[in-house]
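Shown here: start.txt, compact mmCIF, C-alpha atoms.
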```txt
# COMPACT_ATOMS: atom_id res chain seq x y z
CA MET X 131 -163.09 -65.13 77.97
CA ASP X 132 -160.67 -67.13 80.11
CA ILE X 133 -159.33 -65.46 83.27
CA LYS X 134 -156.69 -67.15 85.41
CA LEU X 135 -154.60 -66.14 88.40
CA SER X 136 -150.98 -65.59 87.43
CA THR X 137 -149.34 -63.76 90.33
CA CYS X 138 -150.01 -63.00 93.98
CA PHE X 139 -147.91 -61.10 96.51
CA ILE X 140 -146.85 -61.90 100.07
CA ALA X 141 -145.12 -59.27 102.20
CA VAL X 142 -141.98 -60.47 103.96
CA ASP X 143 -139.58 -58.67 106.26
CA ASP X 144 -136.56 -60.93 105.63
CA HIS X 145 -136.18 -62.54 102.23
CA ASP X 146 -133.53 -65.01 103.36
CA LYS X 147 -135.75 -66.37 106.15
CA ALA X 148 -138.72 -66.39 103.77
CA LEU X 149 -136.73 -68.36 101.20
CA ALA X 150 -135.65 -70.89 103.80
CA PHE X 151 -139.36 -71.45 104.50
CA TYR X 152 -140.96 -71.23 101.05
CA ARG X 153 -138.16 -73.03 99.18
CA ASP X 154 -136.70 -75.43 101.75
CA VAL X 155 -139.79 -76.28 103.82
CA LEU X 156 -142.66 -75.92 101.30
CA GLY X 157 -140.63 -77.05 98.29
CA LEU X 158 -141.41 -74.08 96.05
CA GLU X 159 -138.88 -73.23 93.35
CA ILE X 160 -137.22 -69.84 92.97
CA ARG X 161 -138.12 -68.29 89.63
CA ASN X 162 -136.73 -64.78 89.96
CA ASP X 163 -134.73 -62.68 92.43
CA VAL X 164 -134.64 -58.96 91.66
CA GLY X 165 -133.35 -55.91 93.49
CA PHE X 166 -134.49 -52.36 92.74
CA GLU X 167 -134.05 -49.10 94.65
CA GLY X 168 -132.85 -50.86 97.78
CA MET X 169 -135.71 -53.39 97.78
CA ARG X 170 -135.88 -57.06 96.81
CA TRP X 171 -138.54 -59.18 95.17
CA VAL X 172 -138.23 -62.97 94.99
CA THR X 173 -140.66 -64.96 92.88
CA VAL X 174 -141.40 -68.54 93.89
CA GLY X 175 -143.85 -71.12 92.67
CA SER X 176 -144.89 -74.72 92.79
CA PRO X 177 -143.25 -76.95 90.17
CA SER X 178 -146.74 -78.36 89.50
CA GLN X 179 -148.12 -74.87 88.70
CA PRO X 180 -145.65 -73.23 86.32
CA ASP X 181 -148.11 -70.50 85.38
CA VAL X 182 -148.77 -69.27 88.96
CA GLU X 183 -146.18 -67.19 90.80
CA ILE X 184 -145.91 -65.88 94.35
CA VAL X 185 -143.86 -62.72 94.76
CA LEU X 186 -142.21 -62.27 98.14
CA GLU X 187 -141.99 -58.51 98.45
CA PRO X 188 -141.13 -55.85 101.05
CA PRO X 189 -144.02 -54.90 103.39
CA LEU X 190 -144.56 -51.67 101.46
CA ALA X 191 -142.96 -52.00 98.03
CA ASP X 192 -143.30 -48.38 97.05
CA PRO X 193 -140.12 -46.31 96.88
CA ASN X 194 -142.22 -43.14 97.29
CA ALA X 195 -143.96 -44.28 100.49
CA SER X 196 -143.36 -42.17 103.54
CA PRO X 197 -141.25 -43.53 106.40
CA ALA X 198 -144.38 -43.48 108.58
CA ASP X 199 -146.31 -45.61 106.07
CA LYS X 200 -143.41 -48.06 105.76
CA GLU X 201 -143.25 -48.37 109.54
CA ALA X 202 -147.04 -48.87 109.79
CA MET X 203 -146.93 -51.70 107.24
CA ALA X 204 -143.96 -53.33 108.98
CA GLU X 205 -145.89 -53.21 112.27
CA LEU X 206 -149.00 -54.78 110.70
CA LEU X 207 -146.87 -57.52 109.18
CA ALA X 208 -145.17 -58.21 112.52
CA LYS X 209 -148.60 -58.61 114.14
CA GLY X 210 -149.76 -61.05 111.45
CA MET X 211 -152.47 -58.62 110.35
CA LEU X 212 -151.92 -58.87 106.59
CA ARG X 213 -153.86 -61.40 104.54
CA GLY X 214 -152.52 -64.86 103.96
CA VAL X 215 -152.58 -67.49 101.26
CA ILE X 216 -154.37 -70.82 100.95
CA PHE X 217 -152.52 -73.73 99.35
CA THR X 218 -154.05 -77.06 98.38
CA THR X 219 -152.36 -80.38 99.03
CA ASP X 220 -153.20 -84.00 98.36
CA ASP X 221 -152.26 -84.96 101.94
CA VAL X 222 -152.86 -82.29 104.57
CA ASP X 223 -151.70 -84.48 107.44
CA ALA X 224 -148.32 -85.22 105.81
CA THR X 225 -147.98 -81.53 104.89
CA PHE X 226 -148.69 -80.58 108.50
CA GLU X 227 -146.09 -83.04 109.80
CA ARG X 228 -143.42 -81.82 107.36
CA ILE X 229 -143.96 -78.12 108.15
CA SER X 230 -144.28 -78.57 111.91
CA ALA X 231 -141.18 -80.82 111.99
CA ALA X 232 -139.28 -78.00 110.24
CA GLY X 233 -140.27 -75.62 113.03
CA GLY X 234 -143.26 -73.93 111.37
CA GLU X 235 -145.39 -71.88 113.77
CA VAL X 236 -148.62 -73.89 114.07
CA LEU X 237 -151.87 -71.91 114.15
CA GLN X 238 -154.20 -74.86 113.64
CA GLU X 239 -153.62 -78.60 113.52
CA PRO X 240 -155.40 -80.57 110.78
CA VAL X 241 -159.17 -80.56 111.23
CA ASP X 242 -162.18 -81.45 109.09
CA GLN X 243 -164.05 -78.23 108.29
CA PRO X 244 -167.83 -78.11 107.73
CA TYR X 245 -167.25 -76.54 104.30
CA GLY X 246 -165.73 -79.69 102.81
CA VAL X 247 -161.99 -79.51 103.39
CA ARG X 248 -159.51 -80.84 105.90
CA ASP X 249 -157.04 -78.06 106.66
CA CYS X 250 -154.31 -76.74 108.89
CA ALA X 251 -152.65 -73.35 109.31
CA PHE X 252 -149.20 -71.92 110.01
CA ARG X 253 -147.48 -68.55 110.15
CA ASP X 254 -144.54 -67.96 107.86
CA PRO X 255 -141.36 -66.36 109.30
CA SER X 256 -142.82 -62.88 108.63
CA GLY X 257 -146.12 -63.61 110.38
CA ASN X 258 -148.37 -64.24 107.36
CA MET X 259 -151.05 -66.88 107.79
CA LEU X 260 -150.79 -69.80 105.40
CA ARG X 261 -153.53 -72.39 105.23
CA PHE X 262 -153.14 -75.81 103.62
CA ASN X 263 -156.28 -77.66 102.64
CA GLN X 264 -157.28 -80.94 101.13
CA SER X 265 -160.68 -81.57 99.62
CA ARG X 266 -162.64 -84.28 101.42
CA LYS X 267 -164.59 -85.04 98.24
CA GLN X 268 -163.34 -88.32 96.87
```
Can you dump the structure from the file as structure tokens?
Amino acid sequence: MDIKLSTCFIAVDDHDKALAFYRDVLGLEIRNDVGFEGMRWVTVGSPSQPDVEIVLEPPLADPNASPADKEAMAELLAKGMLRGVIFTTDDVDATFERISAAGGEVLQEPVDQPYGVRDCAFRDPSGNMLRFNQSRKQ
């Protein structure tokens, strides 16, 4: 049996700002842009990983959710309390420079971690934590 990741989801509160970051700063390609029941989902992915997609979705993508639940999710997103994503890169220092030069909110500058990676961290425009790591194993 072969199991692979195909899709993951990141909550965003403004798709246009998210696209400016994920497409223009990170270099991900747009694969789909769909609207349904007043909500929007945009799928992006790395050109080097055509079989893995990231869906940028509303904070609570359930048309049946109560207004109170939608507000609670929006508040958690605004506080940066939702889980993030970890990307790999072949040059974490260059990745850090490119994202920080584009105005990315720095959470951690590049550092060698005791668990074998050099990594850095940013927040996306919606407050999600994104980590970028590079294996130190040569």
Straight-line distance linking atom CA of X:Arg170 with atom CA of X:Ser230, stated in Å to one decimal: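 One can read the atom CA of X:Arg170 to atom CA of X:Ser230 distance as 27.6 Å.
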Atom CA of X:Ile184 to atom CA of X:Thr218, distance in Å rounded to a single decimal: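 Answer for the atom CA of X:Ile184 to atom CA of X:Thr218 separation: 14.4 Å.
Across the model, the gap from atom CA of X:Met259 to atom CA of X:Leu207 is 10.3 Å.
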Near stretch 142-160 of chain X, 10 Å: stretch 184-253 of chain X residue rows, closest pairs, all atoms listed in the file, as a Markdown table:
```
| residue | atom | partner | partner_atom | distance |
| --- | --- | --- | --- | --- |
| X:Ile184 | CA | X:Leu158 | CA | 9.5 |
| X:Val185 | CA | X:Val142 | CA | 9.7 |
| X:Leu186 | CA | X:Val142 | CA | 6.1 |
| X:Glu187 | CA | X:Val142 | CA | 5.8 |
| X:Pro188 | CA | X:Val142 | CA | 5.5 |
| X:Pro189 | CA | X:Val142 | CA | 6.0 |
| X:Leu190 | CA | X:Val142 | CA | 9.5 |
| X:Ala204 | CA | X:Asp143 | CA | 7.4 |
| X:Leu207 | CA | X:Val142 | CA | 7.7 |
| X:Ala208 | CA | X:Asp143 | CA | 8.4 |
| X:Thr225 | CA | X:Leu156 | CA | 8.5 |
| X:Arg228 | CA | X:Val155 | CA | 7.5 |
| X:Ile229 | CA | X:Val155 | CA | 6.3 |
| X:Ser230 | CA | X:Val155 | CA | 9.5 |
| X:Ala231 | CA | X:Val155 | CA | 9.4 |
| X:Ala232 | CA | X:Val155 | CA | 6.7 |
| X:Gly233 | CA | X:Val155 | CA | 9.2 |
| X:Gly234 | CA | X:Phe151 | CA | 8.3 |
```
Test item: residues at most 10 Å from stretch 241-244 of chain X, all atoms listed in the file, excluding those fewer than 6 positions along its chain, as a list in words: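 Non-adjacent residues within range: Val222, Asp223, Cys250, Ala251, Asn263, Gln264, Ser265 and Arg266 of chain X.
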Sorted per-residue table, stretch 131-173 of chain X near stretch 209-216 of chain X, closest atoms and distance, 10 Å, all atoms listed in the file, as JSON lines:
```
{"residue": "X:Cys138", "atom": "CA", "partner": "X:Val215", "partner_atom": "CA", "distance": 8.9}
{"residue": "X:Phe139", "atom": "CA", "partner": "X:Val215", "partner_atom": "CA", "distance": 9.2}
{"residue": "X:Ile140", "atom": "CA", "partner": "X:Gly214", "partner_atom": "CA", "distance": 7.5}
{"residue": "X:Ala141", "atom": "CA", "partner": "X:Leu212", "partner_atom": "CA", "distance": 8.1}
```
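For the set X:Leu206, X:Phe217, X:Ala195, X:Asp254, the residue with the smallest atom-to-atom gap to X:Gly175 is X:Phe217, counting only C-alpha atoms.
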Grab all the atoms of stretch 254-257 of chain X that the file lists, wrap them in a box along x, y and z, add 6 Å per side, and give me centre plus edge lengths in Å (one decimal) as lines of an AutoDock Vina configuration file.
```
center_x = -143.7
center_y = -65.4
center_z = 109.1
size_x = 16.8
size_y = 17.1
size_z = 14.5
```
Of the listed residues X:Ala224, X:Pro255, X:Glu239, X:Thr137, that which approaches X:Thr173 most closely, counting all atoms listed in the file: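 Closest to X:Thr173, using all atoms listed in the file: X:Thr137.
Proximity of X:Gly165, X:Leu237, X:Glu205, X:Asp220 to X:Ser256, computed with all atoms listed in the file, is greatest for X:Glu205.
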Counting all atoms listed in the file, the residue of X:Pro193, X:Thr219, X:Asp163, X:Leu135 that sits nearest X:Asp181: X:Leu135
Nearest to X:Arg261 by atom-to-atom distance, counting only C-alpha atoms, from X:Asp249, X:Glu235, X:Glu227, X:Asp132: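 The answer is X:Asp249, which sits nearest to X:Arg261.
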Proximity to X:Arg253 - best of X:Asn162, X:Ala202, X:Met131, X:Gln238, all atoms listed in the file: X:Gln238
